[in-house]
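Enquirer: So that you have it, the file is my_file.cif, and it contains mmCIF, C-alpha atoms; chains and numbers go by the auth columns:
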```
data_model
loop_
_atom_site.group_PDB
_atom_site.id
_atom_site.type_symbol
_atom_site.label_atom_id
_atom_site.label_comp_id
_atom_site.label_asym_id
_atom_site.label_seq_id
_atom_site.Cartn_x
_atom_site.Cartn_y
_atom_site.Cartn_z
_atom_site.B_iso_or_equiv
_atom_site.auth_seq_id
_atom_site.auth_asym_id
ATOM 1 C CA MET A 1 218.895 136.973 -6.217 0.00 1 A
ATOM 2 C CA SER A 2 220.663 140.340 -6.736 0.00 2 A
ATOM 3 C CA LEU A 3 218.833 143.168 -8.474 0.00 3 A
ATOM 4 C CA PRO A 4 220.215 145.863 -10.792 0.00 4 A
ATOM 5 C CA PRO A 5 221.202 149.082 -8.985 0.00 5 A
ATOM 6 C CA ASP A 6 218.598 151.108 -10.776 0.00 6 A
ATOM 7 C CA THR A 7 215.721 148.822 -9.707 0.00 7 A
ATOM 8 C CA PRO A 8 212.875 150.920 -8.237 0.00 8 A
ATOM 9 C CA GLN A 9 212.492 150.561 -4.506 0.00 9 A
ATOM 10 C CA GLY A 10 208.858 149.401 -4.721 0.00 10 A
ATOM 11 C CA ILE A 11 209.766 146.520 -7.009 0.00 11 A
ATOM 12 C CA ALA A 12 212.703 145.584 -4.792 0.00 12 A
ATOM 13 C CA ASP A 13 210.462 145.453 -1.706 0.00 13 A
ATOM 14 C CA ALA A 14 207.908 143.325 -3.517 0.00 14 A
ATOM 15 C CA LEU A 15 210.544 140.857 -4.675 0.00 15 A
ATOM 16 C CA GLU A 16 212.003 140.650 -1.154 0.00 16 A
ATOM 17 C CA TYR A 17 208.552 139.910 0.268 0.00 17 A
ATOM 18 C CA LEU A 18 207.938 137.205 -2.322 0.00 18 A
ATOM 19 C CA GLN A 19 211.283 135.560 -1.549 0.00 19 A
ATOM 20 C CA HIS A 20 210.574 135.564 2.182 0.00 20 A
ATOM 21 C CA HIS A 21 207.100 134.099 1.657 0.00 21 A
ATOM 22 C CA PHE A 22 208.540 131.398 -0.592 0.00 22 A
ATOM 23 C CA HIS A 23 211.038 130.368 2.086 0.00 23 A
ATOM 24 C CA GLU A 24 208.218 130.171 4.679 0.00 24 A
ATOM 25 C CA LEU A 25 206.117 127.966 2.417 0.00 25 A
ATOM 26 C CA THR A 26 209.107 125.706 1.856 0.00 26 A
ATOM 27 C CA LYS A 27 209.614 125.335 5.634 0.00 27 A
ATOM 28 C CA ARG A 28 205.934 124.554 6.153 0.00 28 A
ATOM 29 C CA GLN A 29 206.021 121.953 3.436 0.00 29 A
ATOM 30 C CA ASN A 30 208.980 120.236 5.086 0.00 30 A
ATOM 31 C CA VAL A 31 207.161 120.244 8.441 0.00 31 A
ATOM 32 C CA SER A 32 203.991 118.865 6.842 0.00 32 A
ATOM 33 C CA GLU A 33 205.953 116.134 5.133 0.00 33 A
ATOM 34 C CA ASN A 34 207.526 115.140 8.470 0.00 34 A
ATOM 35 C CA ASN A 35 204.086 115.038 10.152 0.00 35 A
ATOM 36 C CA ILE A 36 202.665 112.987 7.335 0.00 36 A
ATOM 37 C CA ASN A 37 205.584 110.566 7.522 0.00 37 A
ATOM 38 C CA THR A 38 205.083 110.190 11.303 0.00 38 A
ATOM 39 C CA ILE A 39 201.377 109.524 10.876 0.00 39 A
ATOM 40 C CA LEU A 40 202.037 107.026 8.107 0.00 40 A
ATOM 41 C CA ALA A 41 204.591 105.201 10.277 0.00 41 A
ATOM 42 C CA ALA A 42 202.100 104.929 13.161 0.00 42 A
ATOM 43 C CA LEU A 43 199.341 103.673 10.893 0.00 43 A
ATOM 44 C CA THR A 44 201.720 101.122 9.358 0.00 44 A
ATOM 45 C CA MET A 45 202.604 99.804 12.841 0.00 45 A
ATOM 46 C CA GLN A 46 198.921 99.505 13.831 0.00 46 A
ATOM 47 C CA LEU A 47 198.159 97.689 10.590 0.00 47 A
ATOM 48 C CA GLN A 48 200.932 95.202 11.295 0.00 48 A
ATOM 49 C CA GLN A 49 199.578 94.591 14.811 0.00 49 A
ATOM 50 C CA LEU A 50 196.060 94.005 13.488 0.00 50 A
ATOM 51 C CA THR A 51 197.408 91.595 10.885 0.00 51 A
ATOM 52 C CA GLN A 52 199.193 89.598 13.612 0.00 52 A
ATOM 53 C CA LEU A 53 196.014 89.461 15.711 0.00 53 A
ATOM 54 C CA VAL A 54 194.033 88.109 12.772 0.00 54 A
ATOM 55 C CA ALA A 55 196.676 85.477 12.098 0.00 55 A
ATOM 56 C CA ASN A 56 197.110 84.483 15.777 0.00 56 A
ATOM 57 C CA PRO A 57 193.916 85.334 17.690 0.00 57 A
ATOM 58 C CA LEU A 58 194.161 85.446 21.520 0.00 58 A
ATOM 59 C CA PRO A 59 191.848 83.209 23.641 0.00 59 A
ATOM 60 C CA PRO A 60 188.743 85.049 24.807 0.00 60 A
ATOM 61 C CA PRO A 61 189.015 86.455 28.338 0.00 61 A
ATOM 62 C CA ILE A 62 187.230 84.561 31.128 0.00 62 A
ATOM 63 C CA LEU A 63 184.382 86.696 32.348 0.00 63 A
ATOM 64 C CA ASN A 64 183.420 86.713 36.022 0.00 64 A
ATOM 65 C CA MET A 65 179.846 85.471 35.867 0.00 65 A
ATOM 66 C CA SER A 66 179.233 85.615 39.629 0.00 66 A
ATOM 67 C CA LEU A 67 176.250 87.797 40.331 0.00 67 A
ATOM 68 C CA PRO A 68 176.263 90.353 43.146 0.00 68 A
ATOM 69 C CA PRO A 69 174.357 89.268 46.251 0.00 69 A
ATOM 70 C CA VAL A 70 170.706 90.109 46.145 0.00 70 A
ATOM 71 C CA PRO A 71 169.776 92.253 49.154 0.00 71 A
ATOM 72 C CA SER A 72 167.198 90.729 51.453 0.00 72 A
ATOM 73 C CA PRO A 73 163.799 92.366 51.095 0.00 73 A
ATOM 74 C CA LEU A 74 162.724 94.485 53.997 0.00 74 A
ATOM 75 C CA VAL A 75 159.996 92.741 55.928 0.00 75 A
ATOM 76 C CA SER A 76 157.396 95.092 57.259 0.00 76 A
ATOM 77 C CA PRO A 77 156.146 94.249 60.734 0.00 77 A
ATOM 78 C CA SER A 78 152.712 92.732 60.923 0.00 78 A
ATOM 79 C CA PRO A 79 149.880 94.916 62.255 0.00 79 A
ATOM 80 C CA ALA A 80 149.951 92.941 65.506 0.00 80 A
ATOM 81 C CA GLN A 81 153.702 93.474 65.906 0.00 81 A
ATOM 82 C CA ALA A 82 153.405 97.157 65.053 0.00 82 A
ATOM 83 C CA ALA A 83 150.625 97.590 67.566 0.00 83 A
ATOM 84 C CA ARG A 84 152.649 95.786 70.239 0.00 84 A
ATOM 85 C CA GLN A 85 155.690 97.961 69.568 0.00 85 A
ATOM 86 C CA MET A 86 153.574 101.025 70.261 0.00 86 A
ATOM 87 C CA HIS A 87 152.427 99.965 73.739 0.00 87 A
ATOM 88 C CA PRO A 88 152.311 102.770 76.322 0.00 88 A
ATOM 89 C CA LYS A 89 155.229 103.528 78.573 0.00 89 A
ATOM 90 C CA LEU A 90 154.990 101.391 81.690 0.00 90 A
ATOM 91 C CA SER A 91 155.933 102.475 85.188 0.00 91 A
ATOM 92 C CA SER A 92 158.388 100.361 87.148 0.00 92 A
ATOM 93 C CA LEU A 93 157.096 98.209 89.984 0.00 93 A
ATOM 94 C CA LEU A 94 157.944 98.993 93.601 0.00 94 A
ATOM 95 C CA ASP A 95 160.000 96.570 95.656 0.00 95 A
ATOM 96 C CA PHE A 96 157.978 94.013 97.602 0.00 96 A
ATOM 97 C CA GLY A 97 158.550 92.957 101.208 0.00 97 A
ATOM 98 C CA ARG A 98 156.202 90.815 103.255 0.00 98 A
ATOM 99 C CA GLU A 99 153.093 92.916 103.797 0.00 99 A
ATOM 100 C CA ARG A 100 150.155 90.665 102.991 0.00 100 A
ATOM 101 C CA ARG A 101 147.866 93.630 102.558 0.00 101 A
ATOM 102 C CA ASN A 102 149.982 94.673 99.556 0.00 102 A
ATOM 103 C CA GLY A 103 150.107 91.229 97.957 0.00 103 A
ATOM 104 C CA HIS A 104 147.040 91.824 95.774 0.00 104 A
ATOM 105 C CA VAL A 105 148.421 95.112 94.498 0.00 105 A
ATOM 106 C CA PHE A 106 151.848 93.713 93.656 0.00 106 A
ATOM 107 C CA LEU A 107 150.575 90.612 91.851 0.00 107 A
ATOM 108 C CA ASN A 108 148.041 92.647 89.860 0.00 108 A
ATOM 109 C CA SER A 109 150.799 95.073 88.857 0.00 109 A
ATOM 110 C CA CYS A 110 152.984 92.179 87.685 0.00 110 A
ATOM 111 C CA SER A 111 150.179 90.651 85.615 0.00 111 A
ATOM 112 C CA LEU A 112 149.324 94.001 84.052 0.00 112 A
ATOM 113 C CA TYR A 113 152.943 94.703 83.099 0.00 113 A
ATOM 114 C CA ILE A 114 153.384 91.261 81.525 0.00 114 A
ATOM 115 C CA ARG A 115 150.213 91.637 79.449 0.00 115 A
ATOM 116 C CA LEU A 116 151.258 95.049 78.117 0.00 116 A
ATOM 117 C CA ALA A 117 154.888 94.095 77.467 0.00 117 A
ATOM 118 C CA LEU A 118 154.558 90.432 76.560 0.00 118 A
ATOM 119 C CA GLU A 119 157.240 90.658 73.831 0.00 119 A
ATOM 120 C CA GLN A 120 159.876 91.288 76.522 0.00 120 A
ATOM 121 C CA PHE A 121 159.430 87.775 77.953 0.00 121 A
ATOM 122 C CA HIS A 122 160.352 84.644 76.009 0.00 122 A
ATOM 123 C CA ASN A 123 159.034 82.077 78.479 0.00 123 A
ATOM 124 C CA ASN A 124 157.435 81.584 81.909 0.00 124 A
ATOM 125 C CA GLU A 125 160.761 81.382 83.704 0.00 125 A
ATOM 126 C CA GLU A 126 161.724 84.863 82.537 0.00 126 A
ATOM 127 C CA LYS A 127 158.420 86.252 83.856 0.00 127 A
ATOM 128 C CA ILE A 128 158.972 84.634 87.251 0.00 128 A
ATOM 129 C CA LEU A 129 162.615 85.724 87.511 0.00 129 A
ATOM 130 C CA TRP A 130 161.599 89.270 86.578 0.00 130 A
ATOM 131 C CA ALA A 131 158.994 89.331 89.370 0.00 131 A
ATOM 132 C CA LEU A 132 161.529 87.970 91.873 0.00 132 A
ATOM 133 C CA THR A 133 163.858 90.907 91.204 0.00 133 A
ATOM 134 C CA PHE A 134 161.474 93.044 93.279 0.00 134 A
ATOM 135 C CA PHE A 135 161.697 90.742 96.334 0.00 135 A
ATOM 136 C CA LYS A 136 164.251 92.698 98.329 0.00 136 A
ATOM 137 C CA SER A 137 163.154 92.663 101.963 0.00 137 A
ATOM 138 C CA GLY A 138 161.352 90.726 104.660 0.00 138 A
ATOM 139 C CA HIS A 139 159.666 87.395 104.036 0.00 139 A
ATOM 140 C CA ALA A 140 159.734 87.988 100.257 0.00 140 A
ATOM 141 C CA THR A 141 163.553 87.821 100.240 0.00 141 A
ATOM 142 C CA LYS A 142 163.545 84.567 102.202 0.00 142 A
ATOM 143 C CA TRP A 143 160.962 82.999 99.904 0.00 143 A
ATOM 144 C CA SER A 144 162.954 84.009 96.804 0.00 144 A
ATOM 145 C CA LYS A 145 166.144 82.637 98.346 0.00 145 A
ATOM 146 C CA ASN A 146 164.425 79.329 99.068 0.00 146 A
ATOM 147 C CA ILE A 147 163.330 79.019 95.419 0.00 147 A
ATOM 148 C CA PHE A 148 166.910 79.319 94.178 0.00 148 A
ATOM 149 C CA HIS A 149 168.085 76.957 96.898 0.00 149 A
ATOM 150 C CA GLN A 150 165.678 74.302 95.599 0.00 150 A
ATOM 151 C CA GLU A 151 166.947 74.862 92.067 0.00 151 A
ATOM 152 C CA ALA A 152 170.545 74.419 93.217 0.00 152 A
ATOM 153 C CA ASN A 153 169.690 71.124 94.913 0.00 153 A
ATOM 154 C CA THR A 154 167.560 69.606 92.141 0.00 154 A
ATOM 155 C CA GLY A 155 168.908 71.298 89.019 0.00 155 A
ATOM 156 C CA VAL A 156 165.352 72.262 88.042 0.00 156 A
ATOM 157 C CA PHE A 157 163.629 75.591 88.606 0.00 157 A
ATOM 158 C CA PRO A 158 160.833 74.691 91.068 0.00 158 A
ATOM 159 C CA ILE A 159 158.122 76.950 89.602 0.00 159 A
ATOM 160 C CA GLN A 160 157.308 75.983 86.023 0.00 160 A
ATOM 161 C CA THR A 161 154.514 78.352 84.959 0.00 161 A
ATOM 162 C CA TRP A 162 153.321 81.838 85.762 0.00 162 A
ATOM 163 C CA ARG A 163 150.067 80.342 87.040 0.00 163 A
ATOM 164 C CA ASP A 164 152.042 78.247 89.556 0.00 164 A
ATOM 165 C CA PHE A 165 153.841 81.391 90.660 0.00 165 A
ATOM 166 C CA GLU A 166 150.537 83.207 91.194 0.00 166 A
ATOM 167 C CA GLN A 167 149.151 80.360 93.291 0.00 167 A
ATOM 168 C CA GLN A 168 152.241 80.069 95.477 0.00 168 A
ATOM 169 C CA PHE A 169 152.419 83.843 95.838 0.00 169 A
ATOM 170 C CA GLN A 170 148.810 83.930 97.033 0.00 170 A
ATOM 171 C CA VAL A 171 149.565 81.286 99.690 0.00 171 A
ATOM 172 C CA HIS A 172 152.550 83.198 101.053 0.00 172 A
ATOM 173 C CA PHE A 173 151.588 86.829 100.567 0.00 173 A
ATOM 174 C CA PHE A 174 147.794 87.131 100.486 0.00 174 A
ATOM 175 C CA PRO A 175 145.850 87.677 103.725 0.00 175 A
ATOM 176 C CA VAL A 176 145.115 84.299 105.289 0.00 176 A
ATOM 177 C CA ASN A 177 141.427 84.814 106.127 0.00 177 A
ATOM 178 C CA THR A 178 140.360 87.454 103.669 0.00 178 A
ATOM 179 C CA GLU A 179 136.883 86.057 103.164 0.00 179 A
ATOM 180 C CA ALA A 180 136.279 85.430 106.876 0.00 180 A
ATOM 181 C CA ASP A 181 137.574 88.861 107.849 0.00 181 A
ATOM 182 C CA THR A 182 135.373 90.650 105.334 0.00 182 A
ATOM 183 C CA ILE A 183 132.281 88.653 106.360 0.00 183 A
ATOM 184 C CA ASN A 184 132.910 89.518 110.008 0.00 184 A
ATOM 185 C CA ALA A 185 133.280 93.169 109.076 0.00 185 A
ATOM 186 C CA LEU A 186 129.986 93.185 107.171 0.00 186 A
ATOM 187 C CA GLU A 187 128.107 91.161 109.777 0.00 187 A
ATOM 188 C CA GLY A 188 129.413 93.104 112.768 0.00 188 A
ATOM 189 C CA THR A 189 127.652 96.062 114.329 0.00 189 A
ATOM 190 C CA SER A 190 130.674 98.355 114.118 0.00 190 A
ATOM 191 C CA TYR A 191 130.688 98.719 110.339 0.00 191 A
ATOM 192 C CA HIS A 192 129.133 102.117 109.604 0.00 192 A
ATOM 193 C CA GLN A 193 129.697 105.025 107.282 0.00 193 A
ATOM 194 C CA GLY A 194 130.902 107.198 110.126 0.00 194 A
ATOM 195 C CA GLY A 195 132.621 110.336 108.970 0.00 195 A
ATOM 196 C CA ARG A 196 133.410 108.997 105.462 0.00 196 A
ATOM 197 C CA THR A 197 131.789 110.380 102.347 0.00 197 A
ATOM 198 C CA VAL A 198 129.205 108.279 100.547 0.00 198 A
ATOM 199 C CA ASP A 199 131.671 107.635 97.706 0.00 199 A
ATOM 200 C CA ASP A 200 134.392 106.391 100.071 0.00 200 A
ATOM 201 C CA TYR A 201 131.913 104.227 101.975 0.00 201 A
ATOM 202 C CA LEU A 202 130.562 102.771 98.714 0.00 202 A
ATOM 203 C CA ASP A 203 134.030 101.958 97.371 0.00 203 A
ATOM 204 C CA ASN A 204 134.994 100.180 100.582 0.00 204 A
ATOM 205 C CA PHE A 205 131.651 98.349 100.720 0.00 205 A
ATOM 206 C CA GLN A 206 132.050 97.035 97.168 0.00 206 A
ATOM 207 C CA ALA A 207 135.535 95.764 97.986 0.00 207 A
ATOM 208 C CA LEU A 208 134.267 93.953 101.093 0.00 208 A
ATOM 209 C CA VAL A 209 131.336 92.420 99.206 0.00 209 A
ATOM 210 C CA SER A 210 133.670 91.140 96.506 0.00 210 A
ATOM 211 C CA ASP A 211 136.068 89.564 99.020 0.00 211 A
ATOM 212 C CA ALA A 212 133.188 88.054 101.025 0.00 212 A
ATOM 213 C CA GLY A 213 131.638 86.490 97.935 0.00 213 A
ATOM 214 C CA TYR A 214 128.189 88.001 98.456 0.00 214 A
ATOM 215 C CA THR A 215 126.062 87.950 95.269 0.00 215 A
ATOM 216 C CA ASP A 216 122.427 87.942 96.454 0.00 216 A
ATOM 217 C CA PRO A 217 120.957 91.441 95.753 0.00 217 A
ATOM 218 C CA ARG A 218 118.731 91.357 98.846 0.00 218 A
ATOM 219 C CA THR A 219 121.698 90.550 101.074 0.00 219 A
ATOM 220 C CA LEU A 220 123.667 93.373 99.483 0.00 220 A
ATOM 221 C CA VAL A 221 120.893 95.862 100.176 0.00 221 A
ATOM 222 C CA VAL A 222 120.582 94.826 103.816 0.00 222 A
ATOM 223 C CA LYS A 223 124.339 94.952 104.403 0.00 223 A
ATOM 224 C CA PHE A 224 124.673 98.299 102.679 0.00 224 A
ATOM 225 C CA ARG A 225 121.995 99.802 104.909 0.00 225 A
#
```
Rewrite the structure of this file - the entire thing - as structure tokens.
Expert:
Amino acid sequence: MSLPPDTPQGIADALEYLQHHFHELTKRQNVSENNINTILAALTMQLQQLTQLVANPLPPPILNMSLPPVPSPLVSPSPAQAARQMHPKLSSLLDFGRERRNGHVFLNSCSLYIRLALEQFHNNEEKILWALTFFKSGHATKWSKNIFHQEANTGVFPIQTWRDFEQQFQVHFFPVNTEADTINALEGTSYHQGGRTVDDYLDNFQALVSDAGYTDPRTLVVKFR
């Protein structure tokens, strides 16, 4: 809109500002109308989809009803098992040869180890085979070899229980005349304290008395003197 030439400048500026603001409002209105039309179109489409679902419902989905595996409960060891698992550290046995004087020591060491570590052995055969692993020289090796030779010929391990093993071991590797030898030592005139201390003499005397089978207190006193 053109203004008369004599229009004051202030009025002209105000009219120009109003015209510009009017054009901006018109643009914004057009943009708002477009946004509204877009929103209305989207809502109309969603309404149509919902109407179709109501008219033609889909079958319900099949749910997976399998349950997750239930973890196995942790079983705490029994007091007996816990105590056995805490047994002291055991020293390894020394190899055994044929010395009869060492037979007592070796067999006692085997029995002690088995009692303290019983959970390591499932049966008697395992105990016996474990003991035979220390038979590495002399008559002990020959005796062990003969055991496996019998098994190869018969198909059956010849020693069935640990008690049988102890008895056969005593026959082959214990002194033959332990009782007779100890009785002769106690009855002879050469058995004296000599240069030994009282403690050493007493320890040796008690071992001899045990092997000889002496139990009468009066006999013990006489022999000790």
Enquirer: Just how far from CA of Phe106 in chain A is CA of Pro175 in chain A, in Å to one decimal?
Expert: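 The value is 13.2 Å.
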Enquirer: Can you spell out as an mmCIF file with C-alpha atoms, in the frame of the given file the set of residues that the PyMOL selection byres ((chain A and resi 127-133) around 8) selects in the structure I just provided?
Expert:
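Done, and the output landed in selection34.cif:
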```cif
data_model
loop_
_atom_site.group_PDB
_atom_site.id
_atom_site.type_symbol
_atom_site.label_atom_id
_atom_site.label_comp_id
_atom_site.auth_asym_id
_atom_site.auth_seq_id
_atom_site.Cartn_x
_atom_site.Cartn_y
_atom_site.Cartn_z
ATOM 1 C CA CYS A 110 152.984 92.179 87.685
ATOM 2 C CA ILE A 114 153.384 91.261 81.525
ATOM 3 C CA PHE A 121 159.430 87.775 77.953
ATOM 4 C CA ASN A 123 159.034 82.077 78.479
ATOM 5 C CA ASN A 124 157.435 81.584 81.909
ATOM 6 C CA GLU A 125 160.761 81.382 83.704
ATOM 7 C CA GLU A 126 161.724 84.863 82.537
ATOM 8 C CA PHE A 134 161.474 93.044 93.279
ATOM 9 C CA PHE A 135 161.697 90.742 96.334
ATOM 10 C CA LYS A 136 164.251 92.698 98.329
ATOM 11 C CA SER A 144 162.954 84.009 96.804
ATOM 12 C CA TRP A 162 153.321 81.838 85.762
ATOM 13 C CA PHE A 165 153.841 81.391 90.660
#
```
Enquirer: Under the rule that all atoms listed in the file are counted, which of A:Gly103, A:Tyr113, A:Ile147, A:Gln52 is the nearest residue to Gln160 in chain A?
Expert: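 That would be A:Ile147, the residue with the smallest distance to Gln160 in chain A.
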Enquirer: Set the distance at 10 Å and use only C-alpha atoms: which residues neighbour Phe148 in chain A once local chain neighbours fewer than 6 positions away are removed? I'd like the list as an MDAnalysis selection string.
Expert: chainID A and resid 154:158
Enquirer: Can you translate the PyMOL selection byres ((chain A and resi 140) around 10) into the concrete residues it hits in this file, as a list in words?
Expert: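 When the PyMOL selection byres ((chain A and resi 140) around 10) is applied, the selected residues are Asp95, Phe96, Gly97, Arg98, Glu99, Leu132, Phe134, Phe135, Lys136, Ser137, Gly138, His139, Thr141, Lys142, Trp143, Ser144, Lys145, Asn146, Phe169, His172 and Phe173 of chain A.
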Enquirer: For the residues in that selection, give me C-alpha atoms as a compact mmCIF listing (two decimals), in the coordinates of the input.
Expert:
```
# COMPACT_ATOMS: atom_id res chain seq x y z
CA ASP A 95 160.00 96.57 95.66
CA PHE A 96 157.98 94.01 97.60
CA GLY A 97 158.55 92.96 101.21
CA ARG A 98 156.20 90.82 103.26
CA GLU A 99 153.09 92.92 103.80
CA LEU A 132 161.53 87.97 91.87
CA PHE A 134 161.47 93.04 93.28
CA PHE A 135 161.70 90.74 96.33
CA LYS A 136 164.25 92.70 98.33
CA SER A 137 163.15 92.66 101.96
CA GLY A 138 161.35 90.73 104.66
CA HIS A 139 159.67 87.40 104.04
CA THR A 141 163.55 87.82 100.24
CA LYS A 142 163.54 84.57 102.20
CA TRP A 143 160.96 83.00 99.90
CA SER A 144 162.95 84.01 96.80
CA LYS A 145 166.14 82.64 98.35
CA ASN A 146 164.42 79.33 99.07
CA PHE A 169 152.42 83.84 95.84
CA HIS A 172 152.55 83.20 101.05
CA PHE A 173 151.59 86.83 100.57
```
Enquirer: At what distance in Å, to one decimal, does CA of Asn102 in chain A lie from CA of Phe174 in chain A?
Expert: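 Those two atoms sit 7.9 Å apart.
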Enquirer: CA of Gln167 in chain A and CA of His104 in chain A are how many Å apart?
Expert: 11.9 Å
